[in-house]
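Colleague: Right, I'll just put the structure down here and ask away after.
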Protein chains: 2
Amino acid sequence: MALLLVLFLANTILPIFSEGSPQAADPPLIHHQIHLLRPQSGAGGSHVPGLSCLSWRLGVETNNIIGWRTIPQDCEGYVGHYMLGHQYRLDSKAVTYEALLYAQSLKLPNDGKNVWVFDVDETSLSNLPYYAHHGFGVEPYNATLFNKWVMEGKAPALPESLKLYSKLLSLGIKAVFLTGRPEDQRSATATNLKKVGYRTWEKLILKQPSETGTTAVVYKSNARKKLEENGYRIIGNIGDQWSDLLGTNTGNRTFKLPDPMYYLS
Amino acid sequence: MALLLVLFLANTILPIFSEGSPQAADPPLIHHQIHLLRPQSGAGGSHVPGLSCLSWRLGVETNNIIGWRTIPQDCEGYVGHYMLGHQYRLDSKAVTYEALLYAQSLKLPNDGKNVWVFDVDETSLSNLPYYAHHGFGVEPYNATLFNKWVMEGKAPALPESLKLYSKLLSLGIKAVFLTGRPEDQRSATATNLKKVGYRTWEKLILKQPSETGTTAVVYKSNARKKLEENGYRIIGNIGDQWSDLLGTNTGNRTFKLPDPMYYLS
């Protein structure tokens with residue numbers, strides 16, 4: 001929550017810097033804790049003439065725009081403001097609100113076999129502090145740097161997801177965390193999850209060395225299939241990537257959280 | 001195109017009327033051809049405290065918010081401005097642009113069996129002139145009035161969809177129109193499609209009397225299955241409803257056009 005406050009403050013300050021004039025005459029007087037919107041140049045991204053970043057984001061969220069490696073360069077400022085601002089939080093809340101309404105509407109057998117699948121990155125934990133320093137997706141993915149960040153175990157919770165998690169537990173639905181993070185990040189991930197409030201879970205499933213190179217859709221479908229074979233009922237499934245929600249054994253209902261920063265197949 | 005111009009003009013005039021003050025002191029001097037944003041009261045809809053209409057729309061477009069009968073009453077003004085304004089067009093363009101890029105990237109056998117499935121309402125034809133007079137989805141669906149509108153055959157094309165259609169034809173991909181409209185609207189639908197520029201098609205599939213009561217997902221899945229059984233390759237599939245794109249035999253890739261006005265299961 002402290003981080004969110006910082007993000008909020010950062011967001012109220014950021015509009016001082018016009019997106020279009022990165023080389024303002026006066027140097028900024030305020031040191032940003034989180035992020036200084038960078039010039040519209042440099043690594044990654046691409047120029048798309050006439051692009052509406054709002055349309056691009058909608059296209060991404062609806063899975064119309066797929067397989068992209070970096071966000072359009074012209075949308076770095078847009079995505080940065082979105083992620084640090086109110087709308088990302090509001091959009092996330094609208095999703096988890098629907099998820100909760102749905103969960104509350106169910107009459108579930110009380111046999112301990114009801115589970116809800118949570119993705120980890122940008123679903124349970126937020127890597128926004130990392131991405132804020134890496135152009136909000138305009139820089140190509142850097143596995144070395146990102147893994148270093150993961151191993152620090154400092155990712156905050158997504159506040160709305162954490163609330164959903166707690167309410168689902170109180171409805172007798174257990175959490176299964178299913179992540180594309182590799183098995184050797186189990187300890188860092190578990191510690192991070194616990195530290196920010198995800199106190200307990202039925203399973204924490206990470207990608208095994210034998211599954212390296214498998215797409216997220218296939219890896220996650222297989223993992224969910226195993227869950228069902230073991231008698232679990234996947235009541236719901238929430239993730240920020242369509243690859244969390246497509247494939248097989250997707251669960252009774254799926255929920256797509258926003259993520260305009262990166263795309264995983 | 002003429003209609004779009006009227007819509008555009010209407011949109012530039014509409015902001016004169018504050019959404020929050022439907023009983024403005026001075027009567028409006030301009031007669032609207034298309035729509036006068038109505039007071040936030042009356043038929044249908046529901047009040048949702050703290051609702052962000054932008055989040056609601058994203059929730060709808062991502063299929064997180066499902067099974068709704070009317071748009072939230074508080075979002076009538078928002079949806080109206082969206083539909084009559086630039087963003088709807090831009091959002092549609094972003095979708096059809098991706099669809100075209102995809103189609104252009106393919107190497108297809110030249111055997112006349114490549115088809116693209118187009119939904120009709122809010123995909124190929126726009127019922128915006130109708131919905132503009134019926135609260136943009138805040139009024140519950142009225143089959144009698146809507147069918148009367150359909151039989152008039154006056155729906156304009158969605159300009160971006162029509163462009164996509166023409167370009168797909170030039171790539172050797174034939175159009176299949178697959179609609180939930182009933183068989184007795186075949187003539188009106190065919191005439192309307194031709195009049196606005198959809199000159200030719202491989203098939204125009206309407207809902208048969210025997211299929212009444214079947215959900216859109218099931219009806220459309222069965223129709224696409226039959227297409228594939230008859231040797232067609234469904235290269236792409238475009239619709240404004242998730243029920244156009246989910247189910248079986250969905251095609252090699254699907255494209256979701258925006259529609260914040262109504263939901264079909």
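Chain identifiers are assigned as A, B, and so on, following the order in which chains appear in the structure tokens; residues are numbered from 1 within each chain, and ligands are numbered from 1 in order of appearance.
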Could you list, as a ChimeraX atom specification, every residue within 10 Å of segment 212-226 of chain A, counting only C-alpha atoms and ignoring same-chain residues fewer than 4 positions away?
Modeller: /A:117,119,176,178-180,182,205-208,230-234,237,241-251,264-265
Colleague: DSSP on the backbone: what in segment 7-251 of chain B comes out strand (DSSP E or B), as an MDAnalysis selection string?
Modeller: chainID B and resid 114:118 121 125 157 174:182 203:207 233:239
Colleague: Pick the closest to chain A from B:Thr123, B:Asn110, B:Gln185, B:Thr254: which is it, counting only C-alpha atoms?
Modeller: B:Thr254
Colleague: Using only C-alpha atoms and a cut-off of 6 Å, which residues of chain B sit close to chain A? Please list them as a PyMOL selection string.
Modeller: chain B and resi 55+62+64+91+255
Colleague: Go ahead and dump the residues you just picked, N, CA and C atoms, as a short mmCIF file (atom, residue, chain, number, x, y, z; two decimals), in the first residue's frame.
Modeller:
data_model
loop_
_atom_site.label_atom_id
_atom_site.label_comp_id
_atom_site.auth_asym_id
_atom_site.auth_seq_id
_atom_site.Cartn_x
_atom_site.Cartn_y
_atom_site.Cartn_z
N SER B 55 -13.70 1.62 -17.45
CA SER B 55 -13.39 0.28 -16.92
C SER B 55 -14.49 -0.70 -17.29
N THR B 62 -13.29 -7.33 -22.91
CA THR B 62 -12.40 -8.45 -22.58
C THR B 62 -13.17 -9.68 -22.11
N ASN B 64 -14.87 -10.03 -19.46
CA ASN B 64 -14.92 -10.19 -18.01
C ASN B 64 -16.34 -9.95 -17.50
N ASP B 91 -10.94 2.51 -32.73
CA ASP B 91 -10.82 1.17 -32.14
C ASP B 91 -11.12 0.09 -33.19
N PHE B 255 -11.07 -12.02 -34.36
CA PHE B 255 -10.92 -10.58 -34.15
C PHE B 255 -12.19 -10.02 -33.53
#
Colleague: Grab the atom CA of Glu160 of chain B to atom CA of Phe136 of chain B distance for me, in Å with one decimal place.
Modeller: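 Computing the Euclidean distance for atom CA of Glu160 of chain B and atom CA of Phe136 of chain B yields 20.5 Å.
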Colleague: With distances taken over only C-alpha atoms, which of A:Asp121, A:Glu229, A:Asp111, A:Glu152 is nearest to Arg181 of chain A?
Modeller: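 Nearest to Arg181 of chain A: A:Asp121.
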Colleague: May I ask for the distance between atom CA of Met151 of chain B and atom CA of Ser187 of chain B, given in Å to one decimal place?
Modeller: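 Computing the Euclidean distance for atom CA of Met151 of chain B and atom CA of Ser187 of chain B yields 8.7 Å.
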Colleague: One decimal, in Å: what's the spacing between atom CA of Glu76 of chain A and atom CA of Tyr262 of chain A?
Modeller: 12.0 Å
Colleague: So which one's closest to Leu204 of chain B, B:Ala190, B:Asn142, B:Gly80, B:Trp68? Using only C-alpha atoms, please.
Modeller: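 Ranking B:Ala190, B:Asn142, B:Gly80, B:Trp68 by distance to Leu204 of chain B, first place goes to B:Ala190.
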Colleague: Going by DSSP on the backbone, which bits of segment 147-185 of chain B are helix (DSSP H, G or I)? Write them as a list in words, please.
Modeller: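 Answer for segment 147-185 of chain B, restricted to helix (DSSP H, G or I): Asn147, Lys148, Trp149, Val150, Met151, Glu152, Pro159, Glu160, Ser161, Leu162, Lys163, Leu164, Tyr165, Ser166, Lys167, Leu168, Leu169, Ser170, Glu183, Asp184 and Gln185 of chain B.
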Colleague: Could you give me, as a PyMOL selection string, the residues within 12 Å of Pro156 of chain B, counting only C-alpha atoms and dropping anything in the same chain fewer than 4 positions from it?
Modeller: chain B and resi 1-5+7+120-130+150+152+160-162+189+191-198
